[in-house]
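Colleague: Before I ask anything, let me first share the structure, which is written out below as structure tokens.
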Protein chains: 2
Amino acid sequence: MMEKPDTRSTNLTWHAGHVSRADRERVSGQRGVTIWLTGLSGSGKSTIAVGVEQELIQRGYLAYVLDGDNIRHGLNRNLGFSPADRAENIRRIGEVAKLFADAGVIVLTSFISPYRADRDAVRALLPMGDFVEAYISATVETCESRDVKGLYAKARAGQIPEFTGISAPYEAPEAPELVLDTNRQSVVESVSQVVVYLERKGYLQAPAGQATARG
Amino acid sequence: MMEKPDTRSTNLTWHAGHVSRADRERVSGQRGVTIWLTGLSGSGKSTIAVGVEQELIQRGYLAYVLDGDNIRHGLNRNLGFSPADRAENIRRIGEVAKLFADAGVIVLTSFISPYRADRDAVRALLPMGDFVEAYISATVETCESRDVKGLYAKARAGQIPEFTGISAPYEAPEAPELVLDTNRQSVVESVSQVVVYLERKGYLQAPAGQATARG
């Protein structure tokens, strides 16, 4: 049963003043950060994002994936696929990722995000150290041979106009923080590479359970 | 010093499959929720939002405030004040709040949000129980007598067109989950009222430090 204390009797220690990001990070035992996964369709972005999320949650860290499922049908459902709308799509995702990182959450974004300028704009938006660009590197041939969703077949048949890697460009990152070569390494290896990066760079301090004395 | 384990030697227990919201909530020891504060300029929304955030953080819960500062200058900086833009402003905030609640965070939104239809649209967007409408109730006279930012004086002088409560309507909620009457109660009482509501409804389970065994 929940306790039902009288409103007025609650012993508030509240004083005016903003909560700092450091305060939130003491609670979560981690540093907020955006891991921006970029790469061709079929390169493994979503699988790796979900894998990292799962590994972090198992270790007691709070992680969250932004992807087509929860963005294109929600926040960005009023955007199409024109160049302007594509840029606005990435801008909004960047702004949301910035808020999550500020809140102390480790957010993983999983979008093809083919244009360097759009990704660099997001990098510029976020405080230094909050943006980790992870290039999910796989050749078109590798991705096409997987073709889990049958999209490459449709693109080759001309049924999908401006398909990245076939009929539209993909601009690989020039200096990403991470390169995950999924031509050669397994999903587990890629997931591990991201988690190890977060450990080494100090994003993972102590799981929430061990972060501070509370209660 | 950080440990520097070899990537390949990390003992991953990862298996394919999505992380559920319940998994994230076990880590954070709380249920994600949106507390939607609505009321006139000067009614006390931001002060209460920041107070609740601070109280929750002190107790070891992860809370985050969305307000004009981090939304109007970020995600919604390409929106003006036309009726369509105002509706889109609230829609985007609702979509972002939905993501935060899904991530397991307690999010407090602090916006006048004067139109019932816009707020109801956000309510309809979120899963049942994720949207808590908190009406920050204060008369125009009370708010005008505070006039911390001098906005009411400017509005009366005709310098701010369509100022809510003076020259534009405010539609009070019909069935909000919470009514905080700041004509009569102090900030501490209002903050307490929100926190007690969250306790009683089971949003606060155990602070992260006591939620589950970890590590």
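All residue names refer to the structure tokens as shown: chains lettered A, B, ... in order, residues numbered from 1 in each chain, ligands numbered from 1 in order.
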Please identify all polymer residues within 9 Å of Glu25 in chain A, counting only C-alpha atoms, omitting same-chain residues fewer than 5 positions from it, and present them as a ChimeraX atom specification.
Modeller: /A:20,30-32,103-105 /B:62
Colleague: Keeping N, CA and C atoms, export the residues of the selection given above as a CSV table (one decimal), in the first residue's frame.
Modeller:
```csv
chain,number,residue,atom,x,y,z
A,20,SER,N,21.2,21.6,-11.4
A,20,SER,CA,22.2,21.6,-12.4
A,20,SER,C,22.3,20.2,-13.0
A,30,GLN,N,25.8,8.6,-14.4
A,30,GLN,CA,26.4,8.6,-15.7
A,30,GLN,C,26.4,10.0,-16.3
A,31,ARG,N,27.2,10.2,-17.3
A,31,ARG,CA,27.1,11.5,-18.0
A,31,ARG,C,26.2,11.4,-19.2
A,32,GLY,N,25.3,12.3,-19.4
A,32,GLY,CA,24.4,12.4,-20.6
A,32,GLY,C,25.3,12.5,-21.8
A,103,ALA,N,19.5,16.1,-19.8
A,103,ALA,CA,18.7,15.4,-18.7
A,103,ALA,C,19.5,14.4,-18.1
A,104,GLY,N,20.7,14.0,-18.6
A,104,GLY,CA,21.5,13.0,-18.0
A,104,GLY,C,21.4,11.6,-18.6
A,105,VAL,N,20.6,11.5,-19.7
A,105,VAL,CA,20.4,10.2,-20.3
A,105,VAL,C,21.4,9.9,-21.4
B,62,LEU,N,15.0,10.9,-11.3
B,62,LEU,CA,15.4,11.7,-12.4
B,62,LEU,C,14.3,12.5,-13.0
```
Colleague: Just want the 12 Å neighbourhood of Ala121 in chain B, counted on only C-alpha atoms, with same-chain residues fewer than 3 positions away dropped. Output as an MDAnalysis selection string.
Modeller: chainID B and resid 87:88 90:95 113 115:118 124:126 131
Colleague: If you keep N, CA and C atoms, can you produce a file of those selected residues as a PDB file, in the first residue's frame?
Modeller:
```pdb
ATOM      1  N   ALA B  87       0.062  26.051 -32.132  1.00  0.00           N
ATOM      2  CA  ALA B  87      -0.410  24.663 -32.023  1.00  0.00           C
ATOM      3  C   ALA B  87       0.753  23.689 -32.266  1.00  0.00           C
ATOM      4  N   GLU B  88       1.568  23.988 -33.262  1.00  0.00           N
ATOM      5  CA  GLU B  88       2.721  23.133 -33.564  1.00  0.00           C
ATOM      6  C   GLU B  88       3.727  23.154 -32.407  1.00  0.00           C
ATOM      7  N   ILE B  90       3.053  23.429 -29.205  1.00  0.00           N
ATOM      8  CA  ILE B  90       2.554  22.533 -28.157  1.00  0.00           C
ATOM      9  C   ILE B  90       2.625  21.072 -28.611  1.00  0.00           C
ATOM     10  N   ARG B  91       2.324  20.829 -29.884  1.00  0.00           N
ATOM     11  CA  ARG B  91       2.390  19.451 -30.391  1.00  0.00           C
ATOM     12  C   ARG B  91       3.802  18.877 -30.235  1.00  0.00           C
ATOM     13  N   ARG B  92       4.802  19.653 -30.662  1.00  0.00           N
ATOM     14  CA  ARG B  92       6.188  19.156 -30.560  1.00  0.00           C
ATOM     15  C   ARG B  92       6.592  18.925 -29.117  1.00  0.00           C
ATOM     16  N   ILE B  93       6.200  19.851 -28.239  1.00  0.00           N
ATOM     17  CA  ILE B  93       6.530  19.671 -26.825  1.00  0.00           C
ATOM     18  C   ILE B  93       5.885  18.386 -26.305  1.00  0.00           C
ATOM     19  N   GLY B  94       4.646  18.153 -26.730  1.00  0.00           N
ATOM     20  CA  GLY B  94       3.957  16.924 -26.333  1.00  0.00           C
ATOM     21  C   GLY B  94       4.688  15.681 -26.826  1.00  0.00           C
ATOM     22  N   GLU B  95       5.154  15.725 -28.068  1.00  0.00           N
ATOM     23  CA  GLU B  95       5.871  14.569 -28.622  1.00  0.00           C
ATOM     24  C   GLU B  95       7.190  14.331 -27.878  1.00  0.00           C
ATOM     25  N   SER B 113       0.319  27.329 -22.519  1.00  0.00           N
ATOM     26  CA  SER B 113      -0.573  26.392 -23.239  1.00  0.00           C
ATOM     27  C   SER B 113      -2.043  26.711 -22.974  1.00  0.00           C
ATOM     28  N   TYR B 115      -4.759  26.882 -24.837  1.00  0.00           N
ATOM     29  CA  TYR B 115      -5.905  26.282 -25.539  1.00  0.00           C
ATOM     30  C   TYR B 115      -6.146  24.839 -25.127  1.00  0.00           C
ATOM     31  N   ARG B 116      -7.409  24.598 -24.738  1.00  0.00           N
ATOM     32  CA  ARG B 116      -7.826  23.264 -24.291  1.00  0.00           C
ATOM     33  C   ARG B 116      -7.574  22.220 -25.376  1.00  0.00           C
ATOM     34  N   ALA B 117      -7.878  22.571 -26.612  1.00  0.00           N
ATOM     35  CA  ALA B 117      -7.743  21.605 -27.707  1.00  0.00           C
ATOM     36  C   ALA B 117      -6.286  21.148 -27.858  1.00  0.00           C
ATOM     37  N   ASP B 118      -5.353  22.086 -27.722  1.00  0.00           N
ATOM     38  CA  ASP B 118      -3.933  21.732 -27.847  1.00  0.00           C
ATOM     39  C   ASP B 118      -3.509  20.787 -26.711  1.00  0.00           C
ATOM     40  N   ALA B 124      -4.117  12.996 -25.642  1.00  0.00           N
ATOM     41  CA  ALA B 124      -4.503  11.875 -26.505  1.00  0.00           C
ATOM     42  C   ALA B 124      -3.278  11.162 -27.082  1.00  0.00           C
ATOM     43  N   LEU B 125      -2.183  11.914 -27.179  1.00  0.00           N
ATOM     44  CA  LEU B 125      -0.944  11.392 -27.756  1.00  0.00           C
ATOM     45  C   LEU B 125      -0.263  10.401 -26.823  1.00  0.00           C
ATOM     46  N   LEU B 126      -0.381  10.656 -25.523  1.00  0.00           N
ATOM     47  CA  LEU B 126       0.387   9.875 -24.553  1.00  0.00           C
ATOM     48  C   LEU B 126      -0.396   8.659 -24.056  1.00  0.00           C
ATOM     49  N   PHE B 131       0.088  11.243 -18.731  1.00  0.00           N
ATOM     50  CA  PHE B 131      -0.160  12.678 -18.843  1.00  0.00           C
ATOM     51  C   PHE B 131      -0.896  13.151 -17.599  1.00  0.00           C
TER      52      PHE B 131
END
```
Colleague: If you run DSSP on the backbone here, which positions in chain A get helix (DSSP H, G or I)? Please write them as a count of residues only.
Modeller: 95
Colleague: Extract the full set of strand (DSSP E or B) residues from chain B according to DSSP on the backbone, and format it as a ChimeraX atom specification.
Modeller: /B:30,33-38,63-67,106-110,131-137,164,168,178-181,204
Colleague: Could those residues be written to a file, using C-alpha atoms, as a compact mmCIF listing (two decimals), in the first residue's frame?
Modeller:
```
# COMPACT_ATOMS: atom_id res chain seq x y z
CA GLN B 30 10.34 5.44 -11.10
CA VAL B 33 5.38 10.59 -16.69
CA THR B 34 4.65 14.05 -18.06
CA ILE B 35 3.46 16.67 -15.59
CA TRP B 36 1.92 19.28 -17.85
CA LEU B 37 1.78 22.64 -16.04
CA THR B 38 -0.63 25.11 -17.58
CA ALA B 63 13.35 14.68 -13.39
CA TYR B 64 13.70 17.25 -16.17
CA VAL B 65 11.96 20.53 -16.98
CA LEU B 66 10.99 21.55 -20.51
CA ASP B 67 10.34 25.28 -20.69
CA ILE B 106 9.67 12.40 -14.97
CA VAL B 107 9.29 15.41 -17.23
CA LEU B 108 7.71 18.71 -16.20
CA THR B 109 6.54 21.04 -18.96
CA SER B 110 6.12 24.71 -18.16
CA PHE B 131 -0.16 12.68 -18.84
CA VAL B 132 -0.85 14.58 -15.64
CA GLU B 133 -2.41 17.98 -16.27
CA ALA B 134 -1.61 20.42 -13.49
CA TYR B 135 -3.62 23.62 -13.62
CA ILE B 136 -1.68 26.41 -11.97
CA SER B 137 -4.64 28.49 -10.96
CA THR B 164 -3.00 35.64 -22.60
CA ALA B 168 -6.12 36.65 -25.68
CA LEU B 178 -4.13 18.57 -10.21
CA VAL B 179 -5.24 22.09 -9.40
CA LEU B 180 -2.60 24.19 -7.67
CA ASP B 181 -4.23 27.37 -6.40
CA LEU B 204 7.87 7.03 -7.37
```
Colleague: Nearest to chain A among B:Ala155, B:Leu75, B:Ile48, B:Ala22, with distances taken over only C-alpha atoms: which residue is it?
Modeller: B:Leu75
